[in-house]
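Visitor: Input my_file.cif, format and content: mmCIF, C-alpha atoms.
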```cif
data_query
loop_
_atom_site.group_PDB
_atom_site.id
_atom_site.type_symbol
_atom_site.label_atom_id
_atom_site.label_comp_id
_atom_site.auth_asym_id
_atom_site.auth_seq_id
_atom_site.Cartn_x
_atom_site.Cartn_y
_atom_site.Cartn_z
ATOM 1 C CA MET A 1 0.000 0.000 0.000
ATOM 2 C CA PHE A 2 1.363 3.396 -0.965
ATOM 3 C CA THR A 3 0.958 6.521 1.096
ATOM 4 C CA SER A 4 1.756 9.893 -0.339
ATOM 5 C CA SER A 5 1.545 13.609 0.237
ATOM 6 C CA ASP A 6 1.289 15.600 -2.972
ATOM 7 C CA HIS A 7 1.406 19.357 -3.542
ATOM 8 C CA HIS A 8 0.259 20.153 -7.052
ATOM 9 C CA ALA A 9 1.513 23.047 -9.155
ATOM 10 C CA PRO A 10 0.833 23.812 -12.826
ATOM 11 C CA THR A 11 1.268 20.622 -14.807
ATOM 12 C CA ASP A 12 4.289 20.420 -17.106
ATOM 13 C CA ARG A 13 3.156 20.004 -20.687
ATOM 14 C CA THR A 14 4.313 16.926 -22.586
ATOM 15 C CA ASP A 15 2.273 17.448 -25.752
ATOM 16 C CA GLN A 16 5.360 18.421 -27.739
ATOM 17 C CA ILE A 17 7.274 15.272 -26.838
ATOM 18 C CA SER A 18 7.436 12.723 -29.636
ATOM 19 C CA PRO A 19 5.761 9.331 -29.128
ATOM 20 C CA THR A 20 9.171 7.776 -28.516
ATOM 21 C CA ASP A 21 10.125 10.382 -25.928
ATOM 22 C CA ARG A 22 6.708 10.223 -24.304
ATOM 23 C CA ILE A 23 7.309 6.607 -23.361
ATOM 24 C CA GLY A 24 8.269 6.916 -19.723
ATOM 25 C CA LEU A 25 6.704 10.353 -19.327
ATOM 26 C CA ALA A 26 3.074 9.263 -19.556
ATOM 27 C CA ASP A 27 0.780 8.980 -16.572
ATOM 28 C CA ARG A 28 0.555 5.518 -15.043
ATOM 29 C CA THR A 29 -2.494 4.853 -12.908
ATOM 30 C CA GLY A 30 -1.639 4.290 -9.274
ATOM 31 C CA ARG A 31 1.967 5.484 -9.485
ATOM 32 C CA THR A 32 3.147 8.406 -7.370
ATOM 33 C CA ASP A 33 6.244 9.362 -9.362
ATOM 34 C CA ARG A 34 4.581 10.739 -12.503
ATOM 35 C CA ILE A 35 6.866 13.144 -14.290
ATOM 36 C CA GLY A 36 5.199 16.473 -14.913
ATOM 37 C CA GLN A 37 2.260 15.610 -12.668
ATOM 38 C CA ASN A 38 3.476 16.034 -9.089
ATOM 39 C CA ASP A 39 5.848 18.720 -7.898
ATOM 40 C CA ARG A 40 6.155 17.031 -4.535
ATOM 41 C CA THR A 41 5.813 13.349 -3.769
ATOM 42 C CA VAL A 42 6.804 11.484 -0.641
ATOM 43 C CA SER A 43 5.777 7.857 -0.753
ATOM 44 C CA THR A 44 6.420 4.510 0.840
ATOM 45 C CA GLY A 45 5.312 1.127 -0.357
ATOM 46 C CA THR A 46 5.961 -2.562 -0.818
ATOM 47 C CA PRO A 47 6.141 -3.443 -4.527
ATOM 48 C CA ARG A 48 5.287 -6.861 -5.812
ATOM 49 C CA ASP A 49 7.988 -9.049 -7.342
ATOM 50 C CA ALA A 50 10.782 -6.614 -6.500
ATOM 51 C CA ALA A 51 14.258 -7.805 -5.570
ATOM 52 C CA ALA A 52 13.644 -11.504 -6.101
ATOM 53 C CA GLY A 53 15.566 -13.560 -3.584
ATOM 54 C CA PHE A 54 14.794 -11.353 -0.567
ATOM 55 C CA SER A 55 11.928 -12.044 1.813
ATOM 56 C CA THR A 56 10.627 -8.471 2.033
ATOM 57 C CA VAL A 57 11.263 -5.179 0.311
ATOM 58 C CA ARG A 58 10.101 -1.704 1.301
ATOM 59 C CA VAL A 59 10.600 1.272 -0.986
ATOM 60 C CA GLU A 60 10.612 4.955 -0.006
ATOM 61 C CA THR A 61 10.741 7.757 -2.565
ATOM 62 C CA VAL A 62 10.990 11.520 -2.497
ATOM 63 C CA HIS A 63 10.468 13.590 -5.643
ATOM 64 C CA GLU A 64 10.145 17.301 -4.942
ATOM 65 C CA LYS A 65 10.610 20.549 -6.826
ATOM 66 C CA GLY A 66 12.933 23.067 -5.231
ATOM 67 C CA SER A 67 13.042 26.838 -5.645
ATOM 68 C CA GLY A 68 13.130 26.831 -9.441
ATOM 69 C CA THR A 69 10.364 26.982 -12.041
ATOM 70 C CA PHE A 70 10.630 23.327 -13.056
ATOM 71 C CA ASN A 71 11.391 20.130 -11.218
ATOM 72 C CA GLU A 72 14.543 19.256 -13.131
ATOM 73 C CA ASP A 73 15.103 15.991 -11.264
ATOM 74 C CA ALA A 74 13.479 12.757 -12.390
ATOM 75 C CA LEU A 75 12.856 9.473 -10.639
ATOM 76 C CA LEU A 76 12.222 5.928 -11.871
ATOM 77 C CA THR A 77 10.957 2.985 -9.834
ATOM 78 C CA GLN A 78 10.511 0.080 -12.210
ATOM 79 C CA HIS A 79 11.256 -2.935 -10.073
ATOM 80 C CA PRO A 80 13.888 -4.281 -9.884
ATOM 81 C CA LEU A 81 15.358 -1.151 -11.513
ATOM 82 C CA PHE A 82 15.595 2.123 -9.601
ATOM 83 C CA ALA A 83 17.139 5.375 -10.824
ATOM 84 C CA VAL A 84 17.395 9.119 -10.212
ATOM 85 C CA PHE A 85 18.380 11.856 -12.663
ATOM 86 C CA ASP A 86 19.436 15.468 -12.018
ATOM 87 C CA GLY A 87 19.252 17.791 -15.004
ATOM 88 C CA ALA A 88 21.479 20.833 -15.470
ATOM 89 C CA SER A 89 20.391 23.495 -17.948
ATOM 90 C CA SER A 90 22.600 25.315 -20.361
ATOM 91 C CA LEU A 91 23.739 28.613 -18.926
ATOM 92 C CA SER A 92 21.867 30.460 -21.676
ATOM 93 C CA GLY A 93 18.584 29.981 -19.805
ATOM 94 C CA GLN A 94 16.760 29.244 -23.062
ATOM 95 C CA LEU A 95 13.574 27.153 -23.008
ATOM 96 C CA HIS A 96 12.828 24.445 -25.572
ATOM 97 C CA ALA A 97 9.178 23.569 -26.233
ATOM 98 C CA GLY A 98 8.335 25.177 -22.919
ATOM 99 C CA HIS A 99 10.909 23.364 -20.807
ATOM 100 C CA SER A 100 14.467 23.955 -19.667
ATOM 101 C CA GLY A 101 17.335 21.918 -21.041
ATOM 102 C CA ALA A 102 17.775 20.408 -17.580
ATOM 103 C CA TRP A 103 14.196 19.114 -17.634
ATOM 104 C CA TRP A 104 14.739 17.603 -21.060
ATOM 105 C CA ALA A 105 18.036 15.954 -20.118
ATOM 106 C CA ALA A 106 16.695 14.352 -16.943
ATOM 107 C CA ASN A 107 13.452 13.156 -18.505
ATOM 108 C CA LEU A 108 15.004 11.874 -21.721
ATOM 109 C CA ALA A 109 17.428 9.830 -19.627
ATOM 110 C CA ARG A 110 14.584 8.554 -17.474
ATOM 111 C CA ALA A 111 12.512 7.581 -20.519
ATOM 112 C CA THR A 112 15.464 5.665 -21.953
ATOM 113 C CA PHE A 113 15.971 3.655 -18.773
ATOM 114 C CA GLU A 114 12.267 2.916 -18.514
ATOM 115 C CA THR A 115 11.868 1.704 -22.090
ATOM 116 C CA CYS A 116 15.117 -0.303 -22.086
ATOM 117 C CA SER A 117 14.768 -1.929 -18.671
ATOM 118 C CA HIS A 118 13.686 -5.282 -20.120
ATOM 119 C CA ALA A 119 15.826 -5.220 -23.258
ATOM 120 C CA GLY A 120 18.627 -7.369 -21.853
ATOM 121 C CA LEU A 121 21.036 -4.437 -21.773
ATOM 122 C CA SER A 122 23.468 -3.703 -18.985
ATOM 123 C CA LEU A 123 22.898 -0.480 -17.063
ATOM 124 C CA ARG A 124 26.056 0.910 -18.621
ATOM 125 C CA GLU A 125 24.722 0.227 -22.112
ATOM 126 C CA THR A 126 21.437 1.869 -21.153
ATOM 127 C CA ALA A 127 23.254 4.947 -19.837
ATOM 128 C CA LEU A 128 25.067 5.263 -23.157
ATOM 129 C CA LEU A 129 21.724 5.139 -24.984
ATOM 130 C CA ALA A 130 20.412 7.852 -22.661
ATOM 131 C CA ASN A 131 23.451 9.974 -23.461
ATOM 132 C CA THR A 132 22.780 9.543 -27.175
ATOM 133 C CA ALA A 133 19.112 10.468 -26.704
ATOM 134 C CA ILE A 134 20.092 13.758 -25.066
ATOM 135 C CA GLY A 135 22.512 14.593 -27.859
ATOM 136 C CA SER A 136 19.974 13.731 -30.549
ATOM 137 C CA ARG A 137 17.255 15.845 -28.974
ATOM 138 C CA MET A 138 19.591 18.852 -28.688
ATOM 139 C CA GLU A 139 20.403 18.509 -32.375
ATOM 140 C CA ARG A 140 16.704 18.265 -33.313
ATOM 141 C CA MET A 141 15.958 21.403 -31.314
ATOM 142 C CA GLY A 142 18.779 23.375 -32.881
ATOM 143 C CA VAL A 143 20.996 23.694 -29.815
ATOM 144 C CA ASP A 144 24.520 24.881 -30.648
ATOM 145 C CA ALA A 145 26.262 22.108 -28.743
ATOM 146 C CA GLU A 146 29.714 23.135 -29.958
ATOM 147 C CA ASN A 147 29.687 25.583 -27.069
ATOM 148 C CA PRO A 148 29.693 23.468 -23.874
ATOM 149 C CA LEU A 149 27.793 26.210 -22.040
ATOM 150 C CA ASN A 150 24.812 25.523 -24.325
ATOM 151 C CA ARG A 151 24.660 21.796 -23.664
ATOM 152 C CA TRP A 152 21.950 20.184 -21.607
ATOM 153 C CA SER A 153 23.258 17.640 -19.138
ATOM 154 C CA ALA A 154 22.206 15.288 -16.381
ATOM 155 C CA SER A 155 23.896 13.386 -13.614
ATOM 156 C CA MET A 156 22.348 10.036 -12.782
ATOM 157 C CA ALA A 157 22.520 7.026 -10.501
ATOM 158 C CA ALA A 158 20.772 3.743 -11.275
ATOM 159 C CA PHE A 159 20.810 0.303 -9.738
ATOM 160 C CA ARG A 160 19.177 -3.037 -10.424
ATOM 161 C CA ILE A 161 18.740 -5.897 -7.978
ATOM 162 C CA THR A 162 19.093 -9.376 -9.429
ATOM 163 C CA GLY A 163 19.145 -12.271 -6.995
ATOM 164 C CA ASN A 164 21.914 -11.534 -4.518
ATOM 165 C CA THR A 165 23.709 -8.928 -6.632
ATOM 166 C CA LEU A 166 23.445 -5.182 -7.088
ATOM 167 C CA GLU A 167 24.267 -3.812 -10.550
ATOM 168 C CA TYR A 168 24.882 -0.075 -10.668
ATOM 169 C CA VAL A 169 25.852 2.768 -12.976
ATOM 170 C CA GLN A 170 26.537 6.351 -11.938
ATOM 171 C CA THR A 171 27.852 9.607 -13.334
ATOM 172 C CA GLY A 172 28.092 13.112 -11.900
ATOM 173 C CA ASP A 173 27.000 13.982 -8.377
ATOM 174 C CA SER A 174 23.963 11.721 -8.153
ATOM 175 C CA LEU A 175 24.976 8.896 -5.854
ATOM 176 C CA ILE A 176 24.228 5.411 -4.597
ATOM 177 C CA MET A 177 24.699 4.542 -0.928
ATOM 178 C CA CYS A 178 24.672 1.028 0.500
ATOM 179 C CA ILE A 179 23.811 0.890 4.197
ATOM 180 C CA THR A 180 24.594 -2.037 6.505
ATOM 181 C CA ASP A 181 23.650 -2.567 10.152
ATOM 182 C CA ASP A 182 26.531 -0.434 11.401
ATOM 183 C CA SER A 183 28.191 1.210 8.407
ATOM 184 C CA PHE A 184 27.746 2.383 4.826
ATOM 185 C CA PHE A 185 29.688 2.693 1.583
ATOM 186 C CA LEU A 186 29.390 4.312 -1.836
ATOM 187 C CA PRO A 187 29.907 1.780 -4.662
ATOM 188 C CA ALA A 188 31.019 4.673 -6.893
ATOM 189 C CA PRO A 189 33.113 7.430 -5.269
ATOM 190 C CA TYR A 190 31.777 10.962 -4.987
ATOM 191 C CA VAL A 191 33.409 13.584 -7.210
ATOM 192 C CA HIS A 192 32.548 17.036 -5.822
ATOM 193 C CA HIS A 193 33.088 19.176 -8.912
ATOM 194 C CA ASP A 194 31.533 22.249 -7.258
ATOM 195 C CA LYS A 195 33.748 22.208 -4.162
ATOM 196 C CA GLU A 196 36.011 25.060 -5.290
ATOM 197 C CA THR A 197 33.008 27.181 -6.286
ATOM 198 C CA LEU A 198 31.257 26.670 -2.949
ATOM 199 C CA CYS A 199 34.429 27.445 -1.010
ATOM 200 C CA ARG A 200 34.684 30.709 -2.900
ATOM 201 C CA TRP A 201 30.953 31.274 -2.245
ATOM 202 C CA LYS A 202 31.643 31.025 1.487
ATOM 203 C CA GLU A 203 34.519 33.505 1.273
ATOM 204 C CA LEU A 204 32.440 36.065 -0.617
ATOM 205 C CA SER A 205 29.492 35.664 1.755
ATOM 206 C CA GLU A 206 31.711 36.244 4.773
ATOM 207 C CA ALA A 207 33.179 39.305 3.050
ATOM 208 C CA GLY A 208 29.696 40.788 2.652
ATOM 209 C CA GLU A 209 29.293 40.356 -1.118
ATOM 210 C CA GLN A 210 25.624 41.010 -1.929
ATOM 211 C CA ASN A 211 25.253 39.026 -5.160
ATOM 212 C CA VAL A 212 27.503 36.035 -4.719
ATOM 213 C CA ARG A 213 26.145 34.035 -7.643
ATOM 214 C CA GLN A 214 26.707 36.891 -10.090
ATOM 215 C CA SER A 215 30.235 37.381 -8.775
ATOM 216 C CA LEU A 216 30.945 33.696 -9.358
ATOM 217 C CA TYR A 217 29.460 33.506 -12.848
ATOM 218 C CA GLU A 218 32.823 33.047 -14.588
ATOM 219 C CA GLN A 219 33.805 30.354 -12.085
ATOM 220 C CA ILE A 220 30.507 28.549 -12.666
ATOM 221 C CA CYS A 221 31.065 28.728 -16.435
ATOM 222 C CA SER A 222 34.585 27.367 -16.018
ATOM 223 C CA VAL A 223 33.305 24.325 -14.142
ATOM 224 C CA ARG A 224 30.634 23.721 -16.773
ATOM 225 C CA THR A 225 33.253 23.614 -19.552
ATOM 226 C CA LYS A 226 34.914 20.702 -17.741
ATOM 227 C CA MET A 227 31.970 18.340 -18.271
ATOM 228 C CA ASN A 228 33.334 14.939 -19.302
ATOM 229 C CA ARG A 229 36.840 16.324 -18.940
ATOM 230 C CA THR A 230 37.249 16.230 -15.150
ATOM 231 C CA TYR A 231 33.814 14.967 -14.090
ATOM 232 C CA GLY A 232 31.058 13.032 -15.790
ATOM 233 C CA VAL A 233 27.563 13.855 -17.031
ATOM 234 C CA LEU A 234 25.180 12.643 -19.701
ATOM 235 C CA ASN A 235 25.234 15.456 -22.271
ATOM 236 C CA GLY A 236 25.482 13.821 -25.684
ATOM 237 C CA GLU A 237 29.281 13.817 -25.821
ATOM 238 C CA VAL A 238 31.036 10.552 -26.632
ATOM 239 C CA GLN A 239 33.441 11.292 -23.765
ATOM 240 C CA ALA A 240 30.588 10.653 -21.323
ATOM 241 C CA ALA A 241 31.368 6.940 -21.653
ATOM 242 C CA ASP A 242 34.766 7.478 -20.027
ATOM 243 C CA PHE A 243 33.183 8.787 -16.827
ATOM 244 C CA LEU A 244 30.483 6.175 -16.288
ATOM 245 C CA GLN A 245 31.121 4.281 -13.063
ATOM 246 C CA TYR A 246 29.714 0.793 -13.424
ATOM 247 C CA GLY A 247 29.931 -2.434 -11.498
ATOM 248 C CA HIS A 248 28.359 -5.132 -9.354
ATOM 249 C CA VAL A 249 28.202 -5.471 -5.568
ATOM 250 C CA PRO A 250 27.229 -8.547 -3.513
ATOM 251 C CA LEU A 251 24.151 -7.783 -1.420
ATOM 252 C CA ALA A 252 25.269 -9.811 1.591
ATOM 253 C CA GLY A 253 24.989 -7.624 4.683
ATOM 254 C CA ILE A 254 23.332 -4.690 2.904
ATOM 255 C CA ARG A 255 20.095 -3.568 4.537
ATOM 256 C CA GLN A 256 19.259 -0.506 2.459
ATOM 257 C CA ILE A 257 20.214 0.902 -0.956
ATOM 258 C CA VAL A 258 19.659 4.592 -1.601
ATOM 259 C CA ALA A 259 19.960 6.485 -4.896
ATOM 260 C CA PHE A 260 19.743 10.256 -4.618
ATOM 261 C CA THR A 261 20.437 13.513 -6.412
ATOM 262 C CA ASP A 262 22.464 16.247 -4.751
ATOM 263 C CA GLY A 263 19.333 17.895 -3.389
ATOM 264 C CA LEU A 264 19.442 15.217 -0.672
ATOM 265 C CA HIS A 265 22.938 16.242 0.467
ATOM 266 C CA LEU A 266 22.802 17.725 3.957
ATOM 267 C CA PRO A 267 23.749 21.428 3.782
ATOM 268 C CA THR A 268 27.193 22.167 5.209
ATOM 269 C CA ALA A 269 28.740 25.393 6.445
ATOM 270 C CA HIS A 270 32.207 24.025 5.675
ATOM 271 C CA PRO A 271 32.515 23.007 2.006
ATOM 272 C CA GLU A 272 36.303 23.119 2.348
ATOM 273 C CA GLN A 273 36.160 20.012 4.555
ATOM 274 C CA GLY A 274 34.769 17.845 1.783
ATOM 275 C CA ALA A 275 31.734 15.600 1.777
ATOM 276 C CA ASP A 276 30.776 13.521 4.809
ATOM 277 C CA PHE A 277 27.796 11.237 4.333
ATOM 278 C CA SER A 278 27.967 9.553 7.749
ATOM 279 C CA THR A 279 25.268 11.757 9.306
ATOM 280 C CA ALA A 280 22.913 11.182 6.379
ATOM 281 C CA ALA A 281 23.583 7.440 6.517
ATOM 282 C CA GLY A 282 22.743 7.383 10.218
ATOM 283 C CA ILE A 283 19.444 9.185 9.666
ATOM 284 C CA LEU A 284 18.543 6.879 6.790
ATOM 285 C CA ARG A 285 19.365 3.802 8.864
ATOM 286 C CA THR A 286 17.411 4.782 11.964
ATOM 287 C CA ARG A 287 14.698 7.183 10.812
ATOM 288 C CA GLY A 288 14.274 6.719 7.071
ATOM 289 C CA LEU A 289 14.312 8.776 3.904
ATOM 290 C CA ARG A 290 11.400 11.022 4.837
ATOM 291 C CA LYS A 291 13.141 12.219 8.016
ATOM 292 C CA LEU A 292 16.341 13.040 6.138
ATOM 293 C CA HIS A 293 14.313 14.977 3.582
ATOM 294 C CA GLU A 294 12.534 16.906 6.347
ATOM 295 C CA GLN A 295 15.795 17.751 8.107
ATOM 296 C CA ILE A 296 17.355 19.094 4.903
ATOM 297 C CA ARG A 297 14.384 21.334 4.158
ATOM 298 C CA THR A 298 14.329 22.586 7.755
ATOM 299 C CA ILE A 299 17.996 23.590 7.593
ATOM 300 C CA GLU A 300 17.503 25.284 4.227
ATOM 301 C CA CYS A 301 14.611 27.342 5.590
ATOM 302 C CA THR A 302 16.953 28.911 8.158
ATOM 303 C CA ASP A 303 19.238 30.222 5.394
ATOM 304 C CA ALA A 304 17.170 31.640 2.546
ATOM 305 C CA ASP A 305 20.118 33.654 1.170
ATOM 306 C CA CYS A 306 22.470 30.641 1.065
ATOM 307 C CA ARG A 307 25.102 32.447 3.134
ATOM 308 C CA LEU A 308 25.445 30.132 6.131
ATOM 309 C CA TYR A 309 25.325 26.991 4.003
ATOM 310 C CA PRO A 310 26.855 27.786 0.591
ATOM 311 C CA ARG A 311 24.700 26.419 -2.238
ATOM 312 C CA PHE A 312 23.214 27.616 -5.534
ATOM 313 C CA LYS A 313 19.577 28.024 -4.439
ATOM 314 C CA GLN A 314 17.586 27.880 -1.227
ATOM 315 C CA HIS A 315 15.892 24.586 -2.100
ATOM 316 C CA ASP A 316 17.309 22.253 -4.721
ATOM 317 C CA ASP A 317 15.127 19.704 -6.485
ATOM 318 C CA ILE A 318 15.236 16.265 -4.888
ATOM 319 C CA ALA A 319 14.862 12.793 -6.361
ATOM 320 C CA ALA A 320 15.645 9.932 -4.004
ATOM 321 C CA ILE A 321 14.819 6.248 -3.634
ATOM 322 C CA ALA A 322 15.527 4.040 -0.619
ATOM 323 C CA VAL A 323 15.082 0.286 -1.025
ATOM 324 C CA HIS A 324 15.034 -1.690 2.237
ATOM 325 C CA LEU A 325 16.112 -5.322 2.035
ATOM 326 C CA ALA A 326 15.460 -8.055 4.570
#
```
Written as structure tokens, that's how I'd like the structure from this file.
Guide:
Amino acid sequence: MFTSSDHHAPTDRTDQISPTDRIGLADRTGRTDRIGQNDRTVSTGTPRDAAAGFSTVRVETVHEKGSGTFNEDALLTQHPLFAVFDGASSLSGQLHAGHSGAWWAANLARATFETCSHAGLSLRETALLANTAIGSRMERMGVDAENPLNRWSASMAAFRITGNTLEYVQTGDSLIMCITDDSFFLPAPYVHHDKETLCRWKELSEAGEQNVRQSLYEQICSVRTKMNRTYGVLNGEVQAADFLQYGHVPLAGIRQIVAFTDGLHLPTAHPEQGADFSTAAGILRTRGLRKLHEQIRTIECTDADCRLYPRFKQHDDIAAIAVHLA
């Protein structure tokens, strides 16, 4: 049985998506993760036939729009496949058929994983198809992709449970966390490509700079030009293949698997210290995904100007899935 709390905003239009692209974006009766339908979804449930080989499975999801116009994160729960996608728009701010490039990138990737989930492909092969889909759609919409600042992109994290094994693929700052009874680990290491920018954000905030984001525009552009050069994303470039982190993990001892976009990272006042996911892992282990989500939003509400906890907006979009195994 699913329980959910939904806050509806104007529905994203999908009437200009081709029939191929619309696969995976269409409404599915009874599902709570409909793209373009719900701006906020928090749900828990026990799916049928998920994670064969385990006695029980419980799934928690959060899919919530942040401070922006669109929810540019996407979420897929297609048992035994689970995935999250975090779109990043071109810095031009241009809309395409009424949506940002970030929305397109995340939802094209999601649609690819949904339609290919039973095609006998590895998750790495599916991620490469998603990358191609993003590049093809940019070309069809006349995006000048020669300039990296114009490219749409998405980070993503996907995993599939087969018997006693976890298959995963990841790129960018969307992550997978495996939680045991007393510890946790990330199958694919975290690459914090915005660390330098956020450290500089902190310095400018402490110095009293009024418009920190504008002051850091050139720095933000510099980081964006390093896509698939120093960090990975799906953005249509062939180099994206070099940054896909793919593998298999035995499920022995794992109690919970969580895939999440960076909106689920706990805000920190000290970006210079690097990422520490131990607090988040503890909350997930003892209190669940919903409590972590609530704590993040509570912290963000105390710092609307993003000065105490350096970040790009007050509330980032969130897509997260927690699968409990027993």
Visitor: Between atom CA of Asp73 of chain A and atom CA of Ala275 of chain A, measure the distance and give it in Å to one decimal.
Guide: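 For atom CA of Asp73 of chain A relative to atom CA of Ala275 of chain A, the distance reads 21.1 Å.
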Visitor: When the PyMOL selection byres ((chain A and resi 104) around 9) is applied to the file above, which residues end up in the set, as a list of chain:residue names?
Guide: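 This file, filtered by the PyMOL selection byres ((chain A and resi 104) around 9), leaves A:Glu72, A:Gly87, A:Ser89, A:His96, A:His99, A:Ser100, A:Gly101, A:Ala102, A:Trp103, A:Ala105, A:Ala106, A:Asn107, A:Leu108, A:Ala109, A:Ile134, A:Arg137, A:Trp152, A:Ser153.
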Visitor: Spell out the residues picked by the PyMOL selection byres ((chain A and resi 188-195) around 8) here, as a count of residues only.
Guide: 19
Visitor: What is the distance between atom CA of Leu81 of chain A and atom CA of Phe159 of chain A, in Å to one decimal?
Guide: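 Spanning atom CA of Leu81 of chain A to atom CA of Phe159 of chain A is a straight-line distance of 5.9 Å.
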Visitor: Which residues are near segment 303-313 of chain A? Cut-off 7 Å, all atoms listed in the file, ignore same chain within fewer than 6 positions. Put them as a list in words.
Guide: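 After dropping sequence-adjacent residues, the list is Ser67, Leu198, Trp201, Lys202, Ser205, Pro267, Thr268 and Ala269 of chain A.
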Visitor: Would you mind exporting segment 57-78 of chain A with N, CA and C atoms, as a CSV table (one decimal), in the first residue's frame?
Guide:
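Final file, part06.csv:
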```csv
chain,number,residue,atom,x,y,z
A,57,VAL,N,10.7,-6.4,0.9
A,57,VAL,CA,11.3,-5.2,0.3
A,57,VAL,C,10.3,-4.0,0.6
A,58,ARG,N,10.9,-2.9,1.1
A,58,ARG,CA,10.1,-1.7,1.3
A,58,ARG,C,10.8,-0.6,0.6
A,59,VAL,N,10.0,0.2,-0.2
A,59,VAL,CA,10.6,1.3,-1.0
A,59,VAL,C,10.1,2.6,-0.5
A,60,GLU,N,11.0,3.6,-0.3
A,60,GLU,CA,10.6,5.0,0.0
A,60,GLU,C,11.1,5.8,-1.2
A,61,THR,N,10.3,6.8,-1.5
A,61,THR,CA,10.7,7.8,-2.6
A,61,THR,C,10.4,9.2,-2.2
A,62,VAL,N,11.3,10.1,-2.6
A,62,VAL,CA,11.0,11.5,-2.5
A,62,VAL,C,11.3,12.1,-3.9
A,63,HIS,N,10.3,12.9,-4.4
A,63,HIS,CA,10.5,13.6,-5.6
A,63,HIS,C,9.8,15.0,-5.5
A,64,GLU,N,10.7,16.0,-5.3
A,64,GLU,CA,10.1,17.3,-4.9
A,64,GLU,C,10.9,18.4,-5.7
A,65,LYS,N,10.1,19.4,-6.2
A,65,LYS,CA,10.6,20.5,-6.8
A,65,LYS,C,11.2,21.5,-5.8
A,66,GLY,N,12.3,22.1,-6.1
A,66,GLY,CA,12.9,23.1,-5.2
A,66,GLY,C,12.5,24.5,-5.5
A,67,SER,N,13.4,25.4,-5.5
A,67,SER,CA,13.0,26.8,-5.6
A,67,SER,C,12.8,27.3,-7.1
A,68,GLY,N,13.2,26.4,-8.0
A,68,GLY,CA,13.1,26.8,-9.4
A,68,GLY,C,11.7,26.7,-10.0
A,69,THR,N,11.6,27.1,-11.3
A,69,THR,CA,10.4,27.0,-12.0
A,69,THR,C,9.9,25.6,-12.3
A,70,PHE,N,10.9,24.7,-12.7
A,70,PHE,CA,10.6,23.3,-13.1
A,70,PHE,C,11.3,22.4,-12.0
A,71,ASN,N,10.7,21.2,-11.9
A,71,ASN,CA,11.4,20.1,-11.2
A,71,ASN,C,12.3,19.5,-12.3
A,72,GLU,N,13.6,19.7,-12.1
A,72,GLU,CA,14.5,19.3,-13.1
A,72,GLU,C,15.2,18.0,-12.7
A,73,ASP,N,14.7,17.3,-11.7
A,73,ASP,CA,15.1,16.0,-11.3
A,73,ASP,C,14.0,15.0,-11.7
A,74,ALA,N,14.4,13.8,-12.0
A,74,ALA,CA,13.5,12.8,-12.4
A,74,ALA,C,13.8,11.5,-11.6
A,75,LEU,N,12.8,10.7,-11.5
A,75,LEU,CA,12.9,9.5,-10.6
A,75,LEU,C,12.2,8.3,-11.4
A,76,LEU,N,12.8,7.1,-11.2
A,76,LEU,CA,12.2,5.9,-11.9
A,76,LEU,C,12.2,4.8,-10.9
A,77,THR,N,11.1,4.2,-10.6
A,77,THR,CA,11.0,3.0,-9.8
A,77,THR,C,10.3,2.0,-10.7
A,78,GLN,N,11.0,1.1,-11.3
A,78,GLN,CA,10.5,0.1,-12.2
A,78,GLN,C,11.2,-1.2,-11.8
```
